[in-house]
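Report on the structure given below.
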Amino acid sequence: NLTIVDFALERTLADPHKIQFADVDHELSRAQLMDRARRLADYFLSIGLKAGDVVSFQLPNCWEAVAISLAAAMTGLVVNPIVPINRDSEVGHILNDASARVMIVPAHFRSFDYVSMMARIRGAVPSLKAILVTGKPMEDCPFDLFDDVLEKAKPLIQPLAVDPDAVKLLMYTSGTTGRPKGVLHSHNTLFADAFKMHDALGLNSDDRIFCPSPITHVTGFLWLAQMPWYGDMLASTLRTWDVEASIALIQKYACSVMLGATPFLQDLVTLAKQDGQQLQTLRHYVCGGAAVPPTLIYNAALQFPNCIPWRTFGATEVCTLTVGPSSRNDLRFGAETDGRLSRVSTKLVGIHDGLEVGAGEEGELLVKAASMSLGYANPADNQEAYDEDGYFRMGDLGRIVEGEYFVCTGRKKDLIIRGGENISAKEIEDVLVRSPKILEAAVVSMPSKRTGEAICAFIVPADRATIDMKEIAGLISAEGLARQKTPEHVAIVAELPKTPAGKVRKDVLRVRAAEFGKV
């Protein structure tokens, strides 16, 4: 029943000079961040923004994003992070859907000119009152510069009173299956997640966070903008993923907790092994956002002797649903399950009849938790998202094992109905990635005149390895799976299309597979 401002004020008063945020180029104390947030809050009020108005930003991981979140909380505004890879069409849609009043973008990021993009779409977003630009534009900028605004503004002395149950965050889903949907979180729902994870990981003020996950994704937002103030901890990050810079930051700040998608952990283990780095301060690696092979968790545990690496499970709509092992003695739960369901009510229901399934049986997961969102911004999106008891339909299939651990077996929409039989794409993917020749695999449906749907596998080979259909069939057979689960088509690719959170864009792959099915 508090907001982030309550925690930030308390932490800053207790130790104003403690470092709160760090990246490769910046190191900001609590007092410095608080001053910048106060100035930004004053600016928001000076241009007439009022509680409930939306401030959007499309920034990489940076102190500016953290300050925006804090300033919005000081004034009752809603923050709307937009992933930096989005371009004119997606950004225009989100800004209009959110009725955004302010948009904050970098001048450039990854060679893209955001100033020019905003100049192109500005006229099509009538709700916008101001556009701010961080960094230094290459040429004359038609919009106000973020740094100039801070310099001219006076620090807001007294933050406004804000209801902890009011909307704090509007975050759009990654859109892997269609139109992005706006998810609404309050101060309380976000801190419910912080409370759970702080307790589950046994964190204290001596812990330090390294989080390269995008702050425009729910994990990055929770661990860069929320947890550091709540948990009285420093947070460090990177604007773009760089494994060498990551190891340097972990060592420099003696980070004990790291959060990131599967590719980050893969890169970290590979380079650490190559350089003989054990990262002794690392106690937890929380891995999610994409499929996590059990071998990766075991390899990480071997390389980092004091660390518990574990798979986590959740969604933008319900934040973190599972927690990891409490000790390395239970590492198998972190590697072979998606974690222990914690502080969440669940249902597992049949795919076709919606009736609850028995213990150990597969079903669709429905959940209800304190960290569950307030729903979608568009009320129509809520109609099919919840059951009659208010449980959120995850769209994930799985089993609950050993009483409290969840094992995800795939997405409901990823089921391949081949000749009338339901086939799990994840089951096949799990077999394929066990091969030392395969780095990554994604399985989707492909149109088939004979069976309705067929199986198409996209494979990223490991270390220039070669693999053919015969070997693929052998892997499926050796695992004891039915012959019908052998892919009918295999596409060897250099990489899989992914969201910023590391999730495979299966919507893109299905389009490609549909073309194969026409041949």
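Quick note on naming: the chains in the structure tokens go A, B, ... in the order shown, residues restart at 1 in each chain, and ligands are numbered from 1 in order of appearance.
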
Who sits within 10 Å of A:Val367, only C-alpha atoms, same chain under 6 positions skipped, as an MDAnalysis selection string: chainID A and resid 318 321 344:348 386:387 390:394

Output file for the selection above: C-alpha atoms, as a CSV table (one decimal), in the first residue's frame:
chain,number,residue,atom,x,y,z
A,318,VAL,CA,0.9,-11.7,-13.9
A,321,LEU,CA,4.7,-16.9,-10.9
A,344,VAL,CA,-0.4,-17.9,-6.6
A,345,SER,CA,-3.7,-19.7,-6.9
A,346,THR,CA,-3.8,-22.0,-9.9
A,347,LYS,CA,-6.1,-24.2,-12.0
A,348,LEU,CA,-5.1,-26.7,-14.7
A,386,TYR,CA,-10.3,-14.6,-17.6
A,387,ASP,CA,-12.6,-17.3,-16.5
A,390,GLY,CA,-11.4,-14.2,-12.3
A,391,TYR,CA,-8.4,-16.5,-13.1
A,392,PHE,CA,-6.2,-15.4,-15.9
A,393,ARG,CA,-5.8,-17.8,-18.8
A,394,MET,CA,-2.1,-18.1,-19.4

With a distance cut-off of 8 Å and only C-alpha atoms, select the neighbouring residues of A:Thr216, excluding the residue or stretch itself and same-chain residues fewer than 3 positions from it, and output the selection as a PyMOL selection string. chain A and resi 58-60+81-84+171+220-221

Which residues come within 10 Å of A:Thr281, counting only C-alpha atoms, excluding same-chain residues fewer than 2 positions away, as number ranges by chain? A: 207-208, 250-251, 253-257, 278-279, 283-284, 304-307

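Taking atom CA of A:Thr75 as the reference point, atom CA of A:Leu160 is found at 5.4 Å.
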
Using DSSP on the backbone coordinates, identify the residues of stretch 376-517 of chain A assigned to alpha helix (DSSP H); present them as JSON, numbers by chain. {"A": [425, 426, 427, 428, 429, 430, 431, 432, 469, 470, 471, 472, 473, 474, 475, 476, 477, 478, 506, 507, 508, 509, 510, 511, 512, 513, 514, 515, 516, 517]}

Selected residues written out, N, CA and C atoms, as a PDB file, in the first residue's frame:
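again.pdb was written with the following content:
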ATOM      1  N   ALA A 425       4.635 -28.715 -29.695  1.00  0.00           N
ATOM      2  CA  ALA A 425       5.850 -28.213 -30.346  1.00  0.00           C
ATOM      3  C   ALA A 425       7.027 -28.244 -29.377  1.00  0.00           C
ATOM      4  N   LYS A 426       6.775 -27.901 -28.107  1.00  0.00           N
ATOM      5  CA  LYS A 426       7.862 -27.832 -27.130  1.00  0.00           C
ATOM      6  C   LYS A 426       8.475 -29.203 -26.876  1.00  0.00           C
ATOM      7  N   GLU A 427       7.646 -30.233 -26.884  1.00  0.00           N
ATOM      8  CA  GLU A 427       8.167 -31.581 -26.658  1.00  0.00           C
ATOM      9  C   GLU A 427       9.206 -31.928 -27.716  1.00  0.00           C
ATOM     10  N   ILE A 428       8.940 -31.557 -28.954  1.00  0.00           N
ATOM     11  CA  ILE A 428       9.888 -31.827 -30.043  1.00  0.00           C
ATOM     12  C   ILE A 428      11.120 -30.928 -29.912  1.00  0.00           C
ATOM     13  N   GLU A 429      10.896 -29.660 -29.586  1.00  0.00           N
ATOM     14  CA  GLU A 429      12.014 -28.727 -29.413  1.00  0.00           C
ATOM     15  C   GLU A 429      12.969 -29.194 -28.323  1.00  0.00           C
ATOM     16  N   ASP A 430      12.413 -29.692 -27.225  1.00  0.00           N
ATOM     17  CA  ASP A 430      13.253 -30.158 -26.117  1.00  0.00           C
ATOM     18  C   ASP A 430      14.159 -31.305 -26.541  1.00  0.00           C
ATOM     19  N   VAL A 431      13.645 -32.164 -27.398  1.00  0.00           N
ATOM     20  CA  VAL A 431      14.462 -33.275 -27.901  1.00  0.00           C
ATOM     21  C   VAL A 431      15.561 -32.751 -28.823  1.00  0.00           C
ATOM     22  N   LEU A 432      15.213 -31.857 -29.710  1.00  0.00           N
ATOM     23  CA  LEU A 432      16.174 -31.369 -30.703  1.00  0.00           C
ATOM     24  C   LEU A 432      17.348 -30.644 -30.059  1.00  0.00           C
ATOM     25  N   MET A 469      17.734 -34.453 -42.346  1.00  0.00           N
ATOM     26  CA  MET A 469      16.455 -35.028 -41.948  1.00  0.00           C
ATOM     27  C   MET A 469      16.616 -36.406 -41.315  1.00  0.00           C
ATOM     28  N   LYS A 470      17.536 -37.193 -41.836  1.00  0.00           N
ATOM     29  CA  LYS A 470      17.738 -38.528 -41.285  1.00  0.00           C
ATOM     30  C   LYS A 470      18.175 -38.456 -39.827  1.00  0.00           C
ATOM     31  N   GLU A 471      19.091 -37.538 -39.533  1.00  0.00           N
ATOM     32  CA  GLU A 471      19.556 -37.377 -38.147  1.00  0.00           C
ATOM     33  C   GLU A 471      18.437 -36.864 -37.250  1.00  0.00           C
ATOM     34  N   ILE A 472      17.625 -35.940 -37.781  1.00  0.00           N
ATOM     35  CA  ILE A 472      16.492 -35.425 -37.011  1.00  0.00           C
ATOM     36  C   ILE A 472      15.539 -36.560 -36.646  1.00  0.00           C
ATOM     37  N   ALA A 473      15.229 -37.400 -37.634  1.00  0.00           N
ATOM     38  CA  ALA A 473      14.345 -38.537 -37.382  1.00  0.00           C
ATOM     39  C   ALA A 473      14.952 -39.471 -36.332  1.00  0.00           C
ATOM     40  N   GLY A 474      16.278 -39.621 -36.381  1.00  0.00           N
ATOM     41  CA  GLY A 474      16.957 -40.462 -35.410  1.00  0.00           C
ATOM     42  C   GLY A 474      16.859 -39.917 -33.992  1.00  0.00           C
ATOM     43  N   LEU A 475      16.933 -38.601 -33.849  1.00  0.00           N
ATOM     44  CA  LEU A 475      16.806 -37.986 -32.527  1.00  0.00           C
ATOM     45  C   LEU A 475      15.419 -38.232 -31.942  1.00  0.00           C
ATOM     46  N   ILE A 476      14.399 -38.080 -32.780  1.00  0.00           N
ATOM     47  CA  ILE A 476      13.025 -38.300 -32.323  1.00  0.00           C
ATOM     48  C   ILE A 476      12.822 -39.761 -31.925  1.00  0.00           C
ATOM     49  N   SER A 477      13.323 -40.658 -32.748  1.00  0.00           N
ATOM     50  CA  SER A 477      13.169 -42.087 -32.479  1.00  0.00           C
ATOM     51  C   SER A 477      13.925 -42.508 -31.226  1.00  0.00           C
ATOM     52  N   ALA A 478      15.147 -42.005 -31.059  1.00  0.00           N
ATOM     53  CA  ALA A 478      15.980 -42.377 -29.913  1.00  0.00           C
ATOM     54  C   ALA A 478      15.360 -41.933 -28.594  1.00  0.00           C
ATOM     55  N   LYS A 506       7.136 -16.887 -33.204  1.00  0.00           N
ATOM     56  CA  LYS A 506       6.559 -18.009 -33.934  1.00  0.00           C
ATOM     57  C   LYS A 506       5.533 -17.556 -34.969  1.00  0.00           C
ATOM     58  N   ASP A 507       4.990 -16.357 -34.783  1.00  0.00           N
ATOM     59  CA  ASP A 507       4.085 -15.849 -35.802  1.00  0.00           C
ATOM     60  C   ASP A 507       4.827 -15.640 -37.118  1.00  0.00           C
ATOM     61  N   VAL A 508       6.077 -15.168 -37.017  1.00  0.00           N
ATOM     62  CA  VAL A 508       6.911 -14.987 -38.209  1.00  0.00           C
ATOM     63  C   VAL A 508       7.254 -16.345 -38.830  1.00  0.00           C
ATOM     64  N   LEU A 509       7.592 -17.307 -37.978  1.00  0.00           N
ATOM     65  CA  LEU A 509       7.967 -18.632 -38.474  1.00  0.00           C
ATOM     66  C   LEU A 509       6.782 -19.349 -39.119  1.00  0.00           C
ATOM     67  N   ARG A 510       5.587 -19.133 -38.593  1.00  0.00           N
ATOM     68  CA  ARG A 510       4.412 -19.782 -39.198  1.00  0.00           C
ATOM     69  C   ARG A 510       4.174 -19.272 -40.612  1.00  0.00           C
ATOM     70  N   VAL A 511       4.428 -17.983 -40.826  1.00  0.00           N
ATOM     71  CA  VAL A 511       4.281 -17.428 -42.180  1.00  0.00           C
ATOM     72  C   VAL A 511       5.276 -18.100 -43.118  1.00  0.00           C
ATOM     73  N   ARG A 512       6.512 -18.259 -42.656  1.00  0.00           N
ATOM     74  CA  ARG A 512       7.536 -18.923 -43.483  1.00  0.00           C
ATOM     75  C   ARG A 512       7.152 -20.380 -43.739  1.00  0.00           C
ATOM     76  N   ALA A 513       6.677 -21.042 -42.670  1.00  0.00           N
ATOM     77  CA  ALA A 513       6.298 -22.453 -42.809  1.00  0.00           C
ATOM     78  C   ALA A 513       5.145 -22.627 -43.783  1.00  0.00           C
ATOM     79  N   ALA A 514       4.229 -21.657 -43.795  1.00  0.00           N
ATOM     80  CA  ALA A 514       3.094 -21.728 -44.717  1.00  0.00           C
ATOM     81  C   ALA A 514       3.571 -21.716 -46.163  1.00  0.00           C
ATOM     82  N   GLU A 515       4.641 -20.986 -46.425  1.00  0.00           N
ATOM     83  CA  GLU A 515       5.202 -20.964 -47.775  1.00  0.00           C
ATOM     84  C   GLU A 515       5.802 -22.313 -48.132  1.00  0.00           C
ATOM     85  N   PHE A 516       6.474 -22.936 -47.143  1.00  0.00           N
ATOM     86  CA  PHE A 516       7.019 -24.279 -47.401  1.00  0.00           C
ATOM     87  C   PHE A 516       5.882 -25.255 -47.717  1.00  0.00           C
ATOM     88  N   GLY A 517       4.751 -25.089 -47.015  1.00  0.00           N
ATOM     89  CA  GLY A 517       3.632 -25.999 -47.189  1.00  0.00           C
ATOM     90  C   GLY A 517       2.989 -25.914 -48.558  1.00  0.00           C
TER      91      GLY A 517
END

I'd like the contact shell of A:Trp310 - 8 Å cut-off, only C-alpha atoms, skipping same-chain residues fewer than 2 positions apart - returned as an mmCIF file with N, CA and C atoms, in the first residue's frame.
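Wrote out21.cif, looks like this:
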data_model
loop_
_atom_site.group_PDB
_atom_site.id
_atom_site.type_symbol
_atom_site.label_atom_id
_atom_site.label_comp_id
_atom_site.auth_asym_id
_atom_site.auth_seq_id
_atom_site.Cartn_x
_atom_site.Cartn_y
_atom_site.Cartn_z
ATOM 1 N N HIS A 284 22.415 -15.819 -7.630
ATOM 2 C CA HIS A 284 21.229 -16.241 -8.382
ATOM 3 C C HIS A 284 21.331 -15.750 -9.818
ATOM 4 N N TYR A 285 20.977 -16.623 -10.753
ATOM 5 C CA TYR A 285 20.700 -16.203 -12.127
ATOM 6 C C TYR A 285 19.273 -16.639 -12.417
ATOM 7 N N VAL A 286 18.404 -15.659 -12.621
ATOM 8 C CA VAL A 286 16.994 -15.932 -12.900
ATOM 9 C C VAL A 286 16.805 -15.864 -14.408
ATOM 10 N N CYS A 287 16.485 -17.005 -15.007
ATOM 11 C CA CYS A 287 16.480 -17.121 -16.465
ATOM 12 C C CYS A 287 15.066 -17.370 -16.973
ATOM 13 N N ILE A 297 21.261 -24.772 -17.547
ATOM 14 C CA ILE A 297 21.233 -24.512 -16.105
ATOM 15 C C ILE A 297 22.341 -25.307 -15.406
ATOM 16 N N ILE A 308 22.946 -20.162 -7.883
ATOM 17 C CA ILE A 308 21.807 -21.028 -8.184
ATOM 18 C C ILE A 308 21.149 -20.477 -9.449
ATOM 19 N N THR A 312 12.558 -19.455 -14.600
ATOM 20 C CA THR A 312 11.378 -18.839 -14.011
ATOM 21 C C THR A 312 10.262 -18.787 -15.041
ATOM 22 N N GLY A 324 12.797 -20.128 -7.589
ATOM 23 C CA GLY A 324 13.762 -21.201 -7.784
ATOM 24 C C GLY A 324 14.117 -21.940 -6.513
ATOM 25 N N PRO A 325 15.063 -22.855 -6.624
ATOM 26 C CA PRO A 325 15.505 -23.636 -5.459
ATOM 27 C C PRO A 325 16.127 -22.737 -4.396
ATOM 28 N N LEU A 331 19.083 -28.300 -7.296
ATOM 29 C CA LEU A 331 19.291 -27.675 -8.592
ATOM 30 C C LEU A 331 18.411 -28.272 -9.687
ATOM 31 N N PHE A 333 15.381 -28.907 -9.706
ATOM 32 C CA PHE A 333 14.113 -28.190 -9.832
ATOM 33 C C PHE A 333 14.283 -26.914 -10.645
ATOM 34 N N GLY A 334 15.463 -26.304 -10.562
ATOM 35 C CA GLY A 334 15.735 -25.102 -11.343
ATOM 36 C C GLY A 334 16.003 -25.402 -12.798
ATOM 37 N N ALA A 335 16.456 -26.637 -13.079
ATOM 38 C CA ALA A 335 16.829 -27.017 -14.438
ATOM 39 C C ALA A 335 15.723 -27.762 -15.170
ATOM 40 N N ASP A 338 9.940 -25.414 -14.298
ATOM 41 C CA ASP A 338 9.921 -23.963 -14.473
ATOM 42 C C ASP A 338 9.714 -23.240 -13.149
ATOM 43 N N GLY A 339 10.039 -23.935 -12.059
ATOM 44 C CA GLY A 339 10.035 -23.314 -10.746
ATOM 45 C C GLY A 339 8.855 -23.703 -9.883
#

Give me, as a ChimeraX atom specification, all polymer residues having an atom no more than 6 Å from stretch 181-197 of chain A, counting only C-alpha atoms and skipping those fewer than 3 positions away in the same chain. /A:3,164-173,200-201,227,370-371,373-377

Store the residues of this selection in a file with all heavy atoms, as a short mmCIF file (atom, residue, chain, number, x, y, z; two decimals), in the first residue's frame.
data_model
loop_
_atom_site.label_atom_id
_atom_site.label_comp_id
_atom_site.auth_asym_id
_atom_site.auth_seq_id
_atom_site.Cartn_x
_atom_site.Cartn_y
_atom_site.Cartn_z
N THR A 3 3.85 3.59 -2.69
CA THR A 3 4.36 3.75 -4.06
C THR A 3 5.87 3.75 -4.02
O THR A 3 6.49 3.84 -2.95
CB THR A 3 3.86 5.06 -4.70
OG1 THR A 3 4.60 6.15 -4.15
CG2 THR A 3 2.37 5.26 -4.47
N PRO A 164 -2.00 3.97 -4.18
CA PRO A 164 -1.22 2.79 -4.59
C PRO A 164 -1.99 1.80 -5.47
O PRO A 164 -1.38 0.97 -6.13
CB PRO A 164 -0.83 2.14 -3.26
CG PRO A 164 -0.91 3.25 -2.27
CD PRO A 164 -2.05 4.11 -2.72
N ASP A 165 -3.32 1.92 -5.48
CA ASP A 165 -4.12 1.05 -6.35
C ASP A 165 -4.38 1.66 -7.71
O ASP A 165 -5.01 1.04 -8.57
CB ASP A 165 -5.46 0.72 -5.69
CG ASP A 165 -5.33 -0.32 -4.58
OD1 ASP A 165 -4.48 -1.22 -4.72
OD2 ASP A 165 -6.05 -0.21 -3.57
N ALA A 166 -3.88 2.89 -7.93
CA ALA A 166 -4.04 3.53 -9.23
C ALA A 166 -3.09 2.91 -10.25
O ALA A 166 -2.09 2.30 -9.90
CB ALA A 166 -3.76 5.03 -9.11
N VAL A 167 -3.42 3.07 -11.53
CA VAL A 167 -2.57 2.52 -12.59
C VAL A 167 -1.22 3.22 -12.58
O VAL A 167 -1.13 4.45 -12.57
CB VAL A 167 -3.23 2.68 -13.97
CG1 VAL A 167 -2.31 2.17 -15.06
CG2 VAL A 167 -4.56 1.92 -14.01
N LYS A 168 -0.15 2.44 -12.58
CA LYS A 168 1.21 2.96 -12.60
C LYS A 168 1.90 2.67 -13.94
O LYS A 168 2.68 3.46 -14.44
CB LYS A 168 2.01 2.32 -11.46
CG LYS A 168 3.50 2.15 -11.67
CD LYS A 168 4.26 3.44 -11.51
CE LYS A 168 5.74 3.20 -11.78
NZ LYS A 168 6.61 4.21 -11.25
N LEU A 169 1.57 1.50 -14.52
CA LEU A 169 2.29 1.01 -15.70
C LEU A 169 1.30 0.56 -16.77
O LEU A 169 0.34 -0.16 -16.48
CB LEU A 169 3.20 -0.16 -15.31
CG LEU A 169 3.95 -0.88 -16.43
CD1 LEU A 169 5.06 0.00 -16.98
CD2 LEU A 169 4.53 -2.20 -15.92
N LEU A 170 1.54 1.00 -17.98
CA LEU A 170 0.82 0.51 -19.17
C LEU A 170 1.86 -0.09 -20.09
O LEU A 170 2.66 0.63 -20.69
CB LEU A 170 0.07 1.65 -19.84
CG LEU A 170 -0.50 1.39 -21.25
CD1 LEU A 170 -1.47 0.22 -21.23
CD2 LEU A 170 -1.18 2.63 -21.80
N MET A 171 1.87 -1.41 -20.18
CA MET A 171 2.90 -2.09 -20.97
C MET A 171 2.24 -2.98 -22.01
O MET A 171 1.37 -3.79 -21.67
CB MET A 171 3.82 -2.91 -20.06
CG MET A 171 4.95 -3.61 -20.78
SD MET A 171 6.16 -4.33 -19.63
CE MET A 171 7.11 -2.88 -19.19
N TYR A 172 2.64 -2.82 -23.25
CA TYR A 172 2.03 -3.59 -24.33
C TYR A 172 2.75 -4.92 -24.50
O TYR A 172 3.98 -5.00 -24.42
CB TYR A 172 2.05 -2.78 -25.63
CG TYR A 172 0.97 -1.72 -25.64
CD1 TYR A 172 1.14 -0.53 -24.93
CD2 TYR A 172 -0.24 -1.92 -26.30
CE1 TYR A 172 0.14 0.43 -24.88
CE2 TYR A 172 -1.24 -0.97 -26.26
CZ TYR A 172 -1.05 0.20 -25.56
OH TYR A 172 -2.05 1.14 -25.50
N THR A 173 1.94 -5.96 -24.70
CA THR A 173 2.49 -7.28 -24.92
C THR A 173 3.36 -7.28 -26.17
O THR A 173 3.21 -6.42 -27.05
CB THR A 173 1.38 -8.32 -25.07
OG1 THR A 173 0.51 -7.91 -26.14
CG2 THR A 173 0.57 -8.44 -23.80
N ALA A 200 11.84 -14.61 -1.66
CA ALA A 200 12.23 -15.92 -2.21
C ALA A 200 13.74 -16.03 -2.42
O ALA A 200 14.32 -17.11 -2.23
CB ALA A 200 11.51 -16.16 -3.53
N LEU A 201 14.38 -14.93 -2.81
CA LEU A 201 15.82 -14.96 -3.06
C LEU A 201 16.64 -14.60 -1.83
O LEU A 201 17.87 -14.62 -1.87
CB LEU A 201 16.18 -14.00 -4.20
CG LEU A 201 16.08 -14.55 -5.62
CD1 LEU A 201 14.64 -14.94 -5.96
CD2 LEU A 201 16.58 -13.54 -6.64
N MET A 227 12.55 -2.90 -8.01
CA MET A 227 13.25 -3.64 -6.96
C MET A 227 14.39 -2.87 -6.29
O MET A 227 14.55 -2.95 -5.06
CB MET A 227 13.76 -4.98 -7.50
CG MET A 227 14.48 -5.84 -6.46
SD MET A 227 13.39 -6.41 -5.12
CE MET A 227 12.74 -7.91 -5.85
N ALA A 370 -1.61 -11.74 -6.34
CA ALA A 370 -1.59 -10.32 -5.97
C ALA A 370 -0.86 -9.49 -7.01
O ALA A 370 -1.10 -8.29 -7.15
CB ALA A 370 -0.94 -10.15 -4.59
N SER A 371 0.07 -10.13 -7.73
CA SER A 371 0.84 -9.43 -8.76
C SER A 371 0.17 -9.47 -10.12
O SER A 371 0.76 -9.06 -11.12
CB SER A 371 2.24 -10.03 -8.86
OG SER A 371 2.18 -11.41 -9.16
N SER A 373 -2.17 -8.29 -13.11
CA SER A 373 -2.51 -6.96 -13.60
C SER A 373 -3.97 -6.62 -13.33
O SER A 373 -4.78 -7.49 -12.98
CB SER A 373 -2.22 -6.86 -15.10
OG SER A 373 -3.22 -7.54 -15.84
N LEU A 374 -4.30 -5.36 -13.54
CA LEU A 374 -5.68 -4.90 -13.39
C LEU A 374 -6.53 -5.25 -14.60
O LEU A 374 -7.73 -4.99 -14.62
CB LEU A 374 -5.70 -3.38 -13.18
CG LEU A 374 -4.84 -2.85 -12.03
CD1 LEU A 374 -4.93 -1.32 -11.97
CD2 LEU A 374 -5.26 -3.46 -10.70
N GLY A 375 -5.89 -5.83 -15.62
CA GLY A 375 -6.59 -6.16 -16.86
C GLY A 375 -5.97 -5.43 -18.02
O GLY A 375 -4.88 -4.84 -17.92
N TYR A 376 -6.65 -5.46 -19.15
CA TYR A 376 -6.16 -4.80 -20.35
C TYR A 376 -6.78 -3.42 -20.50
O TYR A 376 -7.88 -3.15 -20.03
CB TYR A 376 -6.48 -5.64 -21.58
CG TYR A 376 -5.74 -6.96 -21.64
CD1 TYR A 376 -6.42 -8.17 -21.46
CD2 TYR A 376 -4.36 -7.00 -21.85
CE1 TYR A 376 -5.75 -9.38 -21.51
CE2 TYR A 376 -3.69 -8.22 -21.90
CZ TYR A 376 -4.38 -9.40 -21.73
OH TYR A 376 -3.72 -10.59 -21.77
N ALA A 377 -6.03 -2.54 -21.19
CA ALA A 377 -6.51 -1.18 -21.41
C ALA A 377 -7.80 -1.17 -22.24
O ALA A 377 -8.69 -0.34 -22.02
CB ALA A 377 -5.42 -0.35 -22.10
#

Find the residue from A:Val357, A:Cys319, A:Ile400, A:Cys456 that sits nearest to A:Gly288; use only C-alpha atoms when measuring. A:Cys319

Determine which residues of stretch 56-303 of chain A DSSP labels as strand (DSSP E or B) from the backbone of this structure, then write them out as a ChimeraX atom specification. /A:56-57,78-81,102-106,108-109,112-113,130-134,144-145,167-172,182-186,208-210,234-236,257-260,284-287

Find the residue from A:Arg311, A:Arg101, A:Arg36, A:His352 that sits nearest to A:Thr337; use only C-alpha atoms when measuring.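 The answer is A:Arg311, which sits nearest to A:Thr337.
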
Hey, what's within 6 Å of A:Phe7 if we count only C-alpha atoms and toss same-chain stuff fewer than 2 positions away? As a PDB file with all heavy atoms, in the first residue's frame, please?
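Done, and the output landed in out_39.pdb:
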ATOM      1  N   ILE A   4       6.460   3.695  -5.194  1.00  0.00           N
ATOM      2  CA  ILE A   4       7.917   3.699  -5.281  1.00  0.00           C
ATOM      3  C   ILE A   4       8.513   4.967  -4.666  1.00  0.00           C
ATOM      4  O   ILE A   4       9.637   4.959  -4.154  1.00  0.00           O
ATOM      5  CB  ILE A   4       8.344   3.544  -6.761  1.00  0.00           C
ATOM      6  CG1 ILE A   4       9.832   3.244  -6.848  1.00  0.00           C
ATOM      7  CG2 ILE A   4       7.980   4.763  -7.575  1.00  0.00           C
ATOM      8  CD1 ILE A   4      10.283   2.915  -8.242  1.00  0.00           C
ATOM      9  N   VAL A   5       7.756   6.052  -4.691  1.00  0.00           N
ATOM     10  CA  VAL A   5       8.242   7.311  -4.122  1.00  0.00           C
ATOM     11  C   VAL A   5       8.464   7.180  -2.619  1.00  0.00           C
ATOM     12  O   VAL A   5       9.450   7.703  -2.075  1.00  0.00           O
ATOM     13  CB  VAL A   5       7.250   8.457  -4.423  1.00  0.00           C
ATOM     14  CG1 VAL A   5       7.735   9.767  -3.800  1.00  0.00           C
ATOM     15  CG2 VAL A   5       7.079   8.615  -5.924  1.00  0.00           C
ATOM     16  N   LEU A   9      12.129   7.995  -1.180  1.00  0.00           N
ATOM     17  CA  LEU A   9      12.348   9.057  -0.195  1.00  0.00           C
ATOM     18  C   LEU A   9      13.044   8.507   1.055  1.00  0.00           C
ATOM     19  O   LEU A   9      13.989   9.110   1.579  1.00  0.00           O
ATOM     20  CB  LEU A   9      11.017   9.705   0.186  1.00  0.00           C
ATOM     21  CG  LEU A   9      10.364  10.592  -0.877  1.00  0.00           C
ATOM     22  CD1 LEU A   9       8.956  10.984  -0.443  1.00  0.00           C
ATOM     23  CD2 LEU A   9      11.202  11.842  -1.138  1.00  0.00           C
ATOM     24  N   GLU A  10      12.584   7.362   1.505  1.00  0.00           N
ATOM     25  CA  GLU A  10      13.167   6.751   2.704  1.00  0.00           C
ATOM     26  C   GLU A  10      14.626   6.365   2.465  1.00  0.00           C
ATOM     27  O   GLU A  10      15.501   6.641   3.296  1.00  0.00           O
ATOM     28  CB  GLU A  10      12.353   5.519   3.104  1.00  0.00           C
ATOM     29  CG  GLU A  10      12.884   4.801   4.330  1.00  0.00           C
ATOM     30  CD  GLU A  10      12.083   3.545   4.660  1.00  0.00           C
ATOM     31  OE1 GLU A  10      10.926   3.453   4.227  1.00  0.00           O
ATOM     32  OE2 GLU A  10      12.640   2.665   5.349  1.00  0.00           O
ATOM     33  N   TRP A 229      14.745   0.259  -5.470  1.00  0.00           N
ATOM     34  CA  TRP A 229      14.243   1.150  -4.428  1.00  0.00           C
ATOM     35  C   TRP A 229      13.601   0.348  -3.301  1.00  0.00           C
ATOM     36  O   TRP A 229      13.821   0.629  -2.117  1.00  0.00           O
ATOM     37  CB  TRP A 229      13.221   2.127  -5.009  1.00  0.00           C
ATOM     38  CG  TRP A 229      13.791   3.145  -5.943  1.00  0.00           C
ATOM     39  CD1 TRP A 229      13.550   3.259  -7.289  1.00  0.00           C
ATOM     40  CD2 TRP A 229      14.687   4.218  -5.624  1.00  0.00           C
ATOM     41  NE1 TRP A 229      14.238   4.322  -7.820  1.00  0.00           N
ATOM     42  CE2 TRP A 229      14.944   4.933  -6.825  1.00  0.00           C
ATOM     43  CE3 TRP A 229      15.299   4.643  -4.446  1.00  0.00           C
ATOM     44  CZ2 TRP A 229      15.786   6.041  -6.863  1.00  0.00           C
ATOM     45  CZ3 TRP A 229      16.139   5.748  -4.483  1.00  0.00           C
ATOM     46  CH2 TRP A 229      16.373   6.444  -5.673  1.00  0.00           C
ATOM     47  N   TYR A 230      12.816  -0.653  -3.680  1.00  0.00           N
ATOM     48  CA  TYR A 230      12.151  -1.473  -2.666  1.00  0.00           C
ATOM     49  C   TYR A 230      13.178  -2.212  -1.807  1.00  0.00           C
ATOM     50  O   TYR A 230      13.081  -2.240  -0.580  1.00  0.00           O
ATOM     51  CB  TYR A 230      11.217  -2.481  -3.340  1.00  0.00           C
ATOM     52  CG  TYR A 230      10.604  -3.476  -2.380  1.00  0.00           C
ATOM     53  CD1 TYR A 230       9.471  -3.144  -1.640  1.00  0.00           C
ATOM     54  CD2 TYR A 230      11.151  -4.747  -2.221  1.00  0.00           C
ATOM     55  CE1 TYR A 230       8.907  -4.058  -0.756  1.00  0.00           C
ATOM     56  CE2 TYR A 230      10.585  -5.663  -1.338  1.00  0.00           C
ATOM     57  CZ  TYR A 230       9.472  -5.313  -0.608  1.00  0.00           C
ATOM     58  OH  TYR A 230       8.922  -6.210   0.270  1.00  0.00           O
TER      59      TYR A 230
END
